[in-house]
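Structure file structure-v2.csv (CSV, C-alpha atoms) is printed below.
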```csv
chain,number,residue,atom,x,y,z
A,186,MET,CA,0.0,0.0,0.0
A,187,LEU,CA,1.0,3.6,-0.6
A,188,PRO,CA,-1.0,5.9,1.8
A,189,GLY,CA,-0.3,9.2,-0.1
A,190,GLY,CA,1.3,10.9,-3.0
A,191,SER,CA,3.3,14.0,-3.4
A,192,ALA,CA,0.5,16.6,-2.9
A,193,GLU,CA,-0.2,18.4,0.4
A,194,ARG,CA,-0.9,16.0,3.4
A,195,TRP,CA,-4.5,17.2,3.8
A,196,ARG,CA,-5.3,15.8,0.4
A,197,TYR,CA,-4.9,12.2,1.7
A,198,PRO,CA,-6.7,10.2,4.4
A,199,SER,CA,-5.7,10.8,8.0
A,200,LEU,CA,-3.6,8.3,9.9
A,201,ALA,CA,-6.7,7.3,11.8
A,202,SER,CA,-8.6,6.6,8.6
A,203,TRP,CA,-5.7,4.5,7.2
A,204,GLN,CA,-5.5,2.5,10.4
A,205,ARG,CA,-9.2,1.8,10.2
A,206,ILE,CA,-8.7,0.6,6.6
A,207,LEU,CA,-5.8,-1.7,7.5
A,208,GLU,CA,-7.7,-3.1,10.5
A,209,ALA,CA,-10.7,-3.8,8.3
A,210,LEU,CA,-8.6,-5.6,5.7
A,211,ALA,CA,-6.8,-7.6,8.4
A,212,GLN,CA,-10.2,-8.6,9.9
A,213,ARG,CA,-11.4,-9.8,6.5
A,214,TRP,CA,-8.1,-11.6,5.6
A,215,PRO,CA,-6.4,-12.5,8.9
A,216,ARG,CA,-3.3,-13.8,7.1
A,217,VAL,CA,-2.8,-10.6,5.0
A,218,ARG,CA,0.7,-9.2,4.8
A,219,PHE,CA,1.1,-5.5,4.0
A,220,CYS,CA,4.0,-4.1,2.0
A,221,LEU,CA,4.4,-0.4,2.8
A,222,THR,CA,5.8,1.8,0.0
A,223,GLY,CA,6.8,5.4,-0.2
A,224,LYS,CA,9.7,7.8,-0.6
A,225,HIS,CA,11.0,10.7,1.5
A,226,THR,CA,14.4,11.2,-0.1
A,227,GLU,CA,14.9,14.7,-1.4
A,228,ASP,CA,16.4,14.1,-4.9
A,229,GLY,CA,14.5,16.5,-7.1
A,230,ARG,CA,11.7,14.1,-7.8
A,231,THR,CA,8.3,13.7,-6.1
A,232,SER,CA,8.1,12.3,-2.6
A,233,THR,CA,5.5,10.9,-0.3
A,234,GLY,CA,3.6,13.4,1.9
A,235,PHE,CA,3.3,10.9,4.7
A,236,THR,CA,5.8,11.0,7.6
A,237,ARG,CA,8.0,8.2,8.8
A,238,ALA,CA,6.2,8.3,12.1
A,239,GLU,CA,2.9,7.8,10.3
A,240,PHE,CA,4.3,4.8,8.4
A,241,GLU,CA,5.5,3.3,11.7
A,242,ALA,CA,2.0,3.9,13.3
A,243,LEU,CA,0.4,2.0,10.4
A,244,ALA,CA,2.8,-0.9,10.9
A,245,GLU,CA,1.7,-1.1,14.5
A,246,VAL,CA,-1.9,-2.0,13.6
A,247,ALA,CA,-1.1,-4.4,10.8
A,248,PRO,CA,-0.6,-8.1,11.6
A,249,GLN,CA,2.4,-8.6,9.2
A,250,VAL,CA,4.4,-5.8,7.5
A,251,VAL,CA,7.3,-5.6,5.1
A,252,TRP,CA,8.9,-2.3,4.3
A,253,ALA,CA,9.7,-0.9,0.9
A,254,VAL,CA,9.9,2.7,2.0
A,255,ASP,CA,12.9,4.9,0.9
A,256,VAL,CA,14.4,2.2,-1.2
A,257,PRO,CA,15.3,2.6,-4.9
A,258,LEU,CA,12.4,2.7,-7.4
A,259,GLU,CA,13.4,-0.6,-9.0
A,260,ARG,CA,13.3,-2.3,-5.6
A,261,GLN,CA,9.9,-0.9,-4.8
A,262,LEU,CA,8.6,-2.1,-8.2
A,263,ALA,CA,10.1,-5.5,-7.6
A,264,ALA,CA,8.3,-5.7,-4.3
A,265,LEU,CA,5.0,-4.6,-5.9
A,266,GLN,CA,5.3,-7.4,-8.5
A,267,ARG,CA,5.1,-9.9,-5.7
A,268,CYS,CA,2.0,-8.2,-4.3
A,269,GLU,CA,-1.5,-9.3,-5.3
A,270,VAL,CA,-2.9,-5.8,-5.0
A,271,LEU,CA,-1.7,-2.2,-4.6
A,272,LEU,CA,-4.0,0.0,-2.4
A,273,SER,CA,-3.5,3.7,-2.8
A,274,PRO,CA,-5.2,7.0,-3.7
A,275,HIS,CA,-4.7,8.4,-7.2
A,276,THR,CA,-1.0,8.8,-7.7
A,277,GLY,CA,1.5,8.5,-10.5
A,278,PHE,CA,3.3,5.7,-8.7
A,279,ALA,CA,0.2,3.5,-9.1
A,280,PHE,CA,0.6,3.8,-12.9
A,281,ALA,CA,4.1,2.4,-12.5
A,282,ALA,CA,2.7,-0.5,-10.4
A,283,MET,CA,0.1,-1.3,-13.1
A,284,ALA,CA,2.8,-1.1,-15.8
A,285,ALA,CA,4.6,-3.8,-13.6
A,286,GLY,CA,1.4,-5.9,-13.7
A,287,THR,CA,0.1,-5.3,-10.2
A,288,PRO,CA,-3.7,-4.8,-9.9
A,289,TRP,CA,-4.7,-1.5,-8.4
A,290,LEU,CA,-7.3,-0.9,-5.7
A,291,THR,CA,-7.9,2.9,-5.9
A,292,LEU,CA,-9.3,5.1,-3.2
A,293,ALA,CA,-10.5,7.6,-5.8
A,294,GLY,CA,-11.1,11.3,-5.3
A,295,ASN,CA,-9.4,14.7,-5.4
A,296,ASP,CA,-8.8,16.2,-8.8
A,297,TRP,CA,-8.8,13.4,-11.3
A,298,ALA,CA,-10.8,10.3,-12.0
A,299,GLU,CA,-8.6,7.4,-13.1
A,300,TYR,CA,-7.5,7.7,-16.7
A,301,TYR,CA,-4.6,5.2,-17.0
A,302,PHE,CA,-5.5,1.6,-17.7
A,303,ASN,CA,-3.0,-1.1,-18.6
A,304,PRO,CA,-4.7,-3.8,-20.8
A,305,GLY,CA,-4.6,-7.1,-19.0
A,306,VAL,CA,-4.1,-5.6,-15.5
A,307,PRO,CA,-7.3,-5.5,-13.5
A,308,PHE,CA,-8.3,-2.7,-11.1
A,309,HIS,CA,-11.1,-1.5,-9.0
A,310,SER,CA,-11.7,2.2,-8.3
A,311,VAL,CA,-13.7,3.1,-5.2
A,312,LEU,CA,-15.6,6.1,-6.4
A,313,PRO,CA,-16.9,8.8,-3.9
A,314,ASP,CA,-20.5,10.2,-3.8
A,315,LEU,CA,-19.9,13.5,-5.5
A,316,GLN,CA,-22.8,15.1,-3.7
A,317,ARG,CA,-21.5,14.2,-0.2
A,318,PHE,CA,-17.8,14.3,-0.9
A,319,PRO,CA,-17.2,16.8,-3.8
A,320,CYS,CA,-14.1,16.2,-5.9
A,321,TYR,CA,-13.0,16.1,-9.6
A,322,LEU,CA,-13.4,19.9,-9.7
A,323,MET,CA,-10.3,21.0,-11.5
A,324,LEU,CA,-9.1,24.4,-12.7
A,325,GLY,CA,-9.0,26.1,-9.4
A,326,ASN,CA,-12.4,24.8,-8.0
A,327,THR,CA,-10.9,22.6,-5.3
A,328,PRO,CA,-13.6,22.2,-2.6
A,329,ASP,CA,-12.9,23.6,0.8
A,330,PRO,CA,-11.3,21.2,3.3
A,331,VAL,CA,-13.4,19.7,6.1
A,332,ASP,CA,-12.3,19.2,9.7
A,333,ASP,CA,-10.9,15.7,10.2
A,334,ASP,CA,-7.8,15.6,12.4
A,335,GLY,CA,-7.0,18.9,10.9
A,336,PRO,CA,-8.0,20.0,7.4
A,337,ARG,CA,-8.9,17.2,5.0
A,338,SER,CA,-10.1,16.9,1.4
A,339,PRO,CA,-13.8,16.0,1.5
A,340,SER,CA,-13.2,12.9,-0.7
A,341,MET,CA,-10.5,11.7,1.7
A,342,SER,CA,-12.3,12.4,4.9
A,343,ALA,CA,-13.1,9.9,7.7
A,344,ALA,CA,-16.8,10.2,6.8
A,345,ARG,CA,-16.1,9.3,3.2
A,346,ILE,CA,-13.8,6.4,4.3
A,347,ASP,CA,-16.6,5.0,6.5
A,348,ALA,CA,-19.1,5.4,3.7
A,349,ASP,CA,-17.1,3.5,1.2
A,350,LEU,CA,-15.2,1.0,3.3
A,351,PRO,CA,-17.6,-1.9,2.3
A,352,ASP,CA,-16.9,-1.1,-1.4
A,353,LEU,CA,-13.2,-1.0,-0.8
A,354,LEU,CA,-13.3,-4.5,0.9
A,355,ASP,CA,-15.5,-5.8,-1.9
A,356,GLY,CA,-13.1,-4.4,-4.5
A,357,ALA,CA,-10.2,-6.1,-2.8
A,358,ALA,CA,-12.1,-9.4,-2.7
A,359,ARG,CA,-12.9,-9.2,-6.4
A,360,LEU,CA,-9.2,-8.5,-7.3
A,361,LEU,CA,-8.0,-11.3,-5.0
A,362,ALA,CA,-10.5,-13.7,-6.6
A,363,GLY,CA,-9.1,-13.0,-10.0
A,364,LEU,CA,-11.1,-10.2,-11.5
A,365,ASP,CA,-10.2,-9.9,-15.2
A,366,PHE,CA,-9.4,-6.7,-17.1
A,367,ASP,CA,-12.4,-6.6,-19.4
A,368,THR,CA,-14.9,-7.1,-16.6
A,369,ALA,CA,-13.1,-4.5,-14.5
A,370,MET,CA,-13.3,-2.0,-17.4
A,371,ARG,CA,-17.0,-2.6,-18.1
A,372,ASP,CA,-17.8,-2.2,-14.4
A,373,HIS,CA,-15.7,0.9,-14.0
A,374,ALA,CA,-17.1,2.4,-17.2
A,375,ALA,CA,-20.7,1.9,-16.1
A,376,ARG,CA,-20.1,3.4,-12.7
A,377,VAL,CA,-18.0,6.4,-13.8
A,378,HIS,CA,-20.5,7.1,-16.7
A,379,GLU,CA,-23.3,7.3,-14.1
A,380,LEU,CA,-21.1,9.4,-11.7
A,381,PHE,CA,-20.5,12.0,-14.4
A,382,GLY,CA,-24.2,12.1,-15.5
A,383,GLY,CA,-23.4,10.5,-18.8
A,384,ARG,CA,-21.1,13.3,-19.9
A,385,ARG,CA,-18.6,11.2,-22.0
A,386,GLU,CA,-16.5,14.3,-22.8
A,387,LEU,CA,-15.4,14.4,-19.2
A,388,LEU,CA,-14.2,10.8,-19.2
A,389,TYR,CA,-10.7,11.1,-20.6
A,390,SER,CA,-8.4,8.1,-20.7
A,391,VAL,CA,-4.9,7.5,-22.1
A,392,ASP,CA,-5.2,6.1,-25.6
A,393,ASN,CA,-9.0,6.6,-25.2
A,394,LEU,CA,-9.2,3.0,-23.8
A,395,LEU,CA,-12.3,3.7,-21.7
A,396,ALA,CA,-14.4,4.8,-24.7
A,397,ASP,CA,-15.0,1.3,-26.0
A,398,TYR,CA,-16.5,0.3,-22.7
A,399,LEU,CA,-18.8,3.3,-22.1
A,400,PRO,CA,-22.5,2.8,-22.6
A,401,GLY,CA,-24.2,4.7,-25.4
A,402,PRO,CA,-22.8,5.9,-28.8
A,403,SER,CA,-19.1,6.4,-29.1
```
File written out as structure tokens:
Amino acid sequence: MLPGGSAERWRYPSLASWQRILEALAQRWPRVRFCLTGKHTEDGRTSTGFTRAEFEALAEVAPQVVWAVDVPLERQLAALQRCEVLLSPHTGFAFAAMAAGTPWLTLAGNDWAEYYFNPGVPFHSVLPDLQRFPCYLMLGNTPDPVDDDGPRSPSMSAARIDADLPDLLDGAARLLAGLDFDTAMRDHAARVHELFGGRRELLYSVDNLLADYLPGPS
């Protein structure tokens, strides 16, 4: 799992929310082993806006943990290739994981809906209720933060995590059971098409891969 990307810390779930997610996953799959990924090294490239102390607090609630934090990118990707699922918010690192063949369980929200899909690599995007937890409002229309252990993006708040935790667990179960890429794409296309009110022009994807799976005329 990667708990956050390189944006401001308030744009990712709180430590308490991530602990709740890990505890729920461990309760559902008692033998689960978590591999923590992330990067703090200042080398001119993006880093993880999640502190070492927060990573350590996550490790305390997980039954089994291996660390791939602050190791070279090739070692992190090698670790990910051995994982059955990557759990993270929307982040460029997840695209690298999919390129390496690791299925992606996405805690979706903030600025962008998912737009990168690697044919053959399944995924499940846990989509927020846009009325309750506004997001995907780009071009300077970022919604005001809510109070959740300090300021928090609405789509990454504790209330949103609680609302969508069952979908996150179900998504993990589907991926672990061998969800195939075409089924994942059809399911995602139907859900995101409904989420955006049928506005196909808002559903950008790299190489326009999503278009063939959307309902209605192309």
Nearest to Cys268 (chain A): which of A:Met186, A:Ile346, A:Glu299, A:Leu322 is it, counting only C-alpha atoms?
->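 With only C-alpha atoms as the atom set, the closest residue is A:Met186.
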Quick one: distance from CA of Gln266 (chain A) to CA of Thr287 (chain A) in Å, one decimal?
-> 5.9 Å
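Look at region 356-358 of chain A: the protein and nucleic acid residues within 8 Å of it, using only C-alpha atoms and passing over chain neighbours fewer than 2 places away, are A:Val270, A:Leu290, A:His309, A:Ser310, A:Val311, A:Asp352, A:Leu353, A:Leu354, A:Leu360, A:Leu361, A:Ala362.
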At what distance in Å, to one decimal, does CA of Trp289 (chain A) lie from CA of Glu241 (chain A)?
-> 23.0 Å
Between A:Leu265, A:Val256, A:Ala244, A:Cys320, smallest distance to Asn295 (chain A) by all atoms listed in the file belongs to A:Cys320
Separation of CA of Ala343 (chain A) from CA of Arg194 (chain A), in Å and rounded to one decimal | 14.3 Å
Give as a list in words the set of residues within 8 Å of the point (-0.5, 8.0, -0.5), where distances use the file's coordinates and only C-alpha atoms.
->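 Looking at atoms near the point gives Leu187, Pro188, Gly189, Gly190, Ser191, Tyr197, Gly223, Thr233, Gly234, Phe235, Ser273, Pro274, His275 and Thr276 of chain A.
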So that I have them on file, write out the residues from the current selection with C-alpha atoms, as a JSON list (two decimals), in the frame of the given file.
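What ended up in part_38.json:
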```json
[["chain", "number", "residue", "atom", "x", "y", "z"],
["A", 187, "LEU", "CA", 1.00, 3.60, -0.60],
["A", 188, "PRO", "CA", -1.00, 5.90, 1.80],
["A", 189, "GLY", "CA", -0.30, 9.20, -0.10],
["A", 190, "GLY", "CA", 1.30, 10.90, -3.00],
["A", 191, "SER", "CA", 3.30, 14.00, -3.40],
["A", 197, "TYR", "CA", -4.90, 12.20, 1.70],
["A", 223, "GLY", "CA", 6.80, 5.40, -0.20],
["A", 233, "THR", "CA", 5.50, 10.90, -0.30],
["A", 234, "GLY", "CA", 3.60, 13.40, 1.90],
["A", 235, "PHE", "CA", 3.30, 10.90, 4.70],
["A", 273, "SER", "CA", -3.50, 3.70, -2.80],
["A", 274, "PRO", "CA", -5.20, 7.00, -3.70],
["A", 275, "HIS", "CA", -4.70, 8.40, -7.20],
["A", 276, "THR", "CA", -1.00, 8.80, -7.70]]
```
For Pro400 (chain A), work out the shell of residues within 8 Å, counting all atoms listed in the file and skipping chain neighbours fewer than 6 positions away, then give it as a PyMOL selection string.
-> chain A and resi 374-375+378
If I only have part of region 251-275 of chain A, can you fill in N, CA, C and O atoms and write it as an mmCIF file, in the coordinates of the input?
```
data_model
loop_
_atom_site.group_PDB
_atom_site.id
_atom_site.type_symbol
_atom_site.label_atom_id
_atom_site.label_comp_id
_atom_site.auth_asym_id
_atom_site.auth_seq_id
_atom_site.Cartn_x
_atom_site.Cartn_y
_atom_site.Cartn_z
ATOM 1 N N VAL A 251 5.932 -5.759 5.714
ATOM 2 C CA VAL A 251 7.300 -5.600 5.100
ATOM 3 C C VAL A 251 7.413 -4.205 4.643
ATOM 4 O O VAL A 251 6.428 -3.552 4.292
ATOM 5 N N TRP A 252 8.631 -3.709 4.647
ATOM 6 C CA TRP A 252 8.900 -2.300 4.300
ATOM 7 C C TRP A 252 9.565 -2.208 2.937
ATOM 8 O O TRP A 252 10.535 -2.915 2.662
ATOM 9 N N ALA A 253 9.024 -1.314 2.098
ATOM 10 C CA ALA A 253 9.700 -0.900 0.900
ATOM 11 C C ALA A 253 9.659 0.593 0.761
ATOM 12 O O ALA A 253 9.376 1.172 -0.287
ATOM 13 N N VAL A 254 9.911 1.244 1.889
ATOM 14 C CA VAL A 254 9.900 2.700 2.000
ATOM 15 C C VAL A 254 11.337 3.204 1.906
ATOM 16 O O VAL A 254 12.233 2.658 2.561
ATOM 17 N N ASP A 255 11.535 4.245 1.095
ATOM 18 C CA ASP A 255 12.900 4.900 0.900
ATOM 19 C C ASP A 255 13.904 3.868 0.410
ATOM 20 O O ASP A 255 15.065 3.893 0.815
ATOM 21 N N VAL A 256 13.456 3.001 -0.484
ATOM 22 C CA VAL A 256 14.400 2.200 -1.200
ATOM 23 C C VAL A 256 14.320 2.565 -2.687
ATOM 24 O O VAL A 256 13.355 3.207 -3.111
ATOM 25 N N PRO A 257 15.304 2.243 -3.512
ATOM 26 C CA PRO A 257 15.300 2.600 -4.900
ATOM 27 C C PRO A 257 13.998 2.187 -5.632
ATOM 28 O O PRO A 257 13.397 1.165 -5.268
ATOM 29 N N LEU A 258 13.603 2.946 -6.647
ATOM 30 C CA LEU A 258 12.400 2.700 -7.400
ATOM 31 C C LEU A 258 12.317 1.237 -7.882
ATOM 32 O O LEU A 258 11.278 0.566 -7.783
ATOM 33 N N GLU A 259 13.429 0.743 -8.420
ATOM 34 C CA GLU A 259 13.400 -0.600 -9.000
ATOM 35 C C GLU A 259 13.121 -1.648 -7.898
ATOM 36 O O GLU A 259 12.466 -2.663 -8.160
ATOM 37 N N ARG A 260 13.561 -1.389 -6.665
ATOM 38 C CA ARG A 260 13.300 -2.300 -5.600
ATOM 39 C C ARG A 260 11.823 -2.231 -5.139
ATOM 40 O O ARG A 260 11.206 -3.239 -4.778
ATOM 41 N N GLN A 261 11.269 -1.023 -5.160
ATOM 42 C CA GLN A 261 9.900 -0.900 -4.800
ATOM 43 C C GLN A 261 8.993 -1.613 -5.862
ATOM 44 O O GLN A 261 8.034 -2.310 -5.512
ATOM 45 N N LEU A 262 9.329 -1.455 -7.128
ATOM 46 C CA LEU A 262 8.600 -2.100 -8.200
ATOM 47 C C LEU A 262 8.723 -3.635 -8.106
ATOM 48 O O LEU A 262 7.770 -4.381 -8.354
ATOM 49 N N ALA A 263 9.914 -4.082 -7.750
ATOM 50 C CA ALA A 263 10.100 -5.500 -7.600
ATOM 51 C C ALA A 263 9.268 -6.062 -6.457
ATOM 52 O O ALA A 263 8.677 -7.155 -6.555
ATOM 53 N N ALA A 264 9.163 -5.288 -5.373
ATOM 54 C CA ALA A 264 8.300 -5.700 -4.300
ATOM 55 C C ALA A 264 6.835 -5.714 -4.699
ATOM 56 O O ALA A 264 6.077 -6.643 -4.378
ATOM 57 N N LEU A 265 6.437 -4.701 -5.456
ATOM 58 C CA LEU A 265 5.000 -4.600 -5.900
ATOM 59 C C LEU A 265 4.685 -5.792 -6.831
ATOM 60 O O LEU A 265 3.548 -6.272 -6.817
ATOM 61 N N GLN A 266 5.622 -6.230 -7.634
ATOM 62 C CA GLN A 266 5.300 -7.400 -8.500
ATOM 63 C C GLN A 266 5.009 -8.620 -7.755
ATOM 64 O O GLN A 266 4.361 -9.518 -8.282
ATOM 65 N N ARG A 267 5.441 -8.698 -6.514
ATOM 66 C CA ARG A 267 5.100 -9.900 -5.700
ATOM 67 C C ARG A 267 3.850 -9.683 -4.896
ATOM 68 O O ARG A 267 3.428 -10.609 -4.190
ATOM 69 N N CYS A 268 3.243 -8.507 -4.997
ATOM 70 C CA CYS A 268 2.000 -8.200 -4.300
ATOM 71 C C CYS A 268 0.798 -8.574 -5.152
ATOM 72 O O CYS A 268 0.849 -8.450 -6.377
ATOM 73 N N GLU A 269 -0.277 -8.966 -4.516
ATOM 74 C CA GLU A 269 -1.500 -9.300 -5.300
ATOM 75 C C GLU A 269 -2.308 -8.056 -5.611
ATOM 76 O O GLU A 269 -3.063 -8.061 -6.592
ATOM 77 N N VAL A 270 -2.165 -6.992 -4.823
ATOM 78 C CA VAL A 270 -2.900 -5.800 -5.000
ATOM 79 C C VAL A 270 -2.123 -4.585 -4.509
ATOM 80 O O VAL A 270 -1.442 -4.709 -3.480
ATOM 81 N N LEU A 271 -2.177 -3.450 -5.198
ATOM 82 C CA LEU A 271 -1.700 -2.200 -4.600
ATOM 83 C C LEU A 271 -2.924 -1.383 -4.206
ATOM 84 O O LEU A 271 -3.854 -1.160 -4.993
ATOM 85 N N LEU A 272 -2.935 -0.913 -2.960
ATOM 86 C CA LEU A 272 -4.000 0.000 -2.400
ATOM 87 C C LEU A 272 -3.369 1.354 -2.293
ATOM 88 O O LEU A 272 -2.359 1.526 -1.605
ATOM 89 N N SER A 273 -3.984 2.358 -2.929
ATOM 90 C CA SER A 273 -3.500 3.700 -2.800
ATOM 91 C C SER A 273 -4.543 4.697 -3.314
ATOM 92 O O SER A 273 -5.472 4.309 -4.027
ATOM 93 N N PRO A 274 -4.396 5.992 -2.967
ATOM 94 C CA PRO A 274 -5.200 7.000 -3.700
ATOM 95 C C PRO A 274 -4.619 7.176 -5.086
ATOM 96 O O PRO A 274 -3.663 6.489 -5.484
ATOM 97 N N HIS A 275 -5.202 8.105 -5.834
ATOM 98 C CA HIS A 275 -4.700 8.400 -7.200
ATOM 99 C C HIS A 275 -3.314 8.989 -7.081
ATOM 100 O O HIS A 275 -3.106 10.023 -6.455
#
```
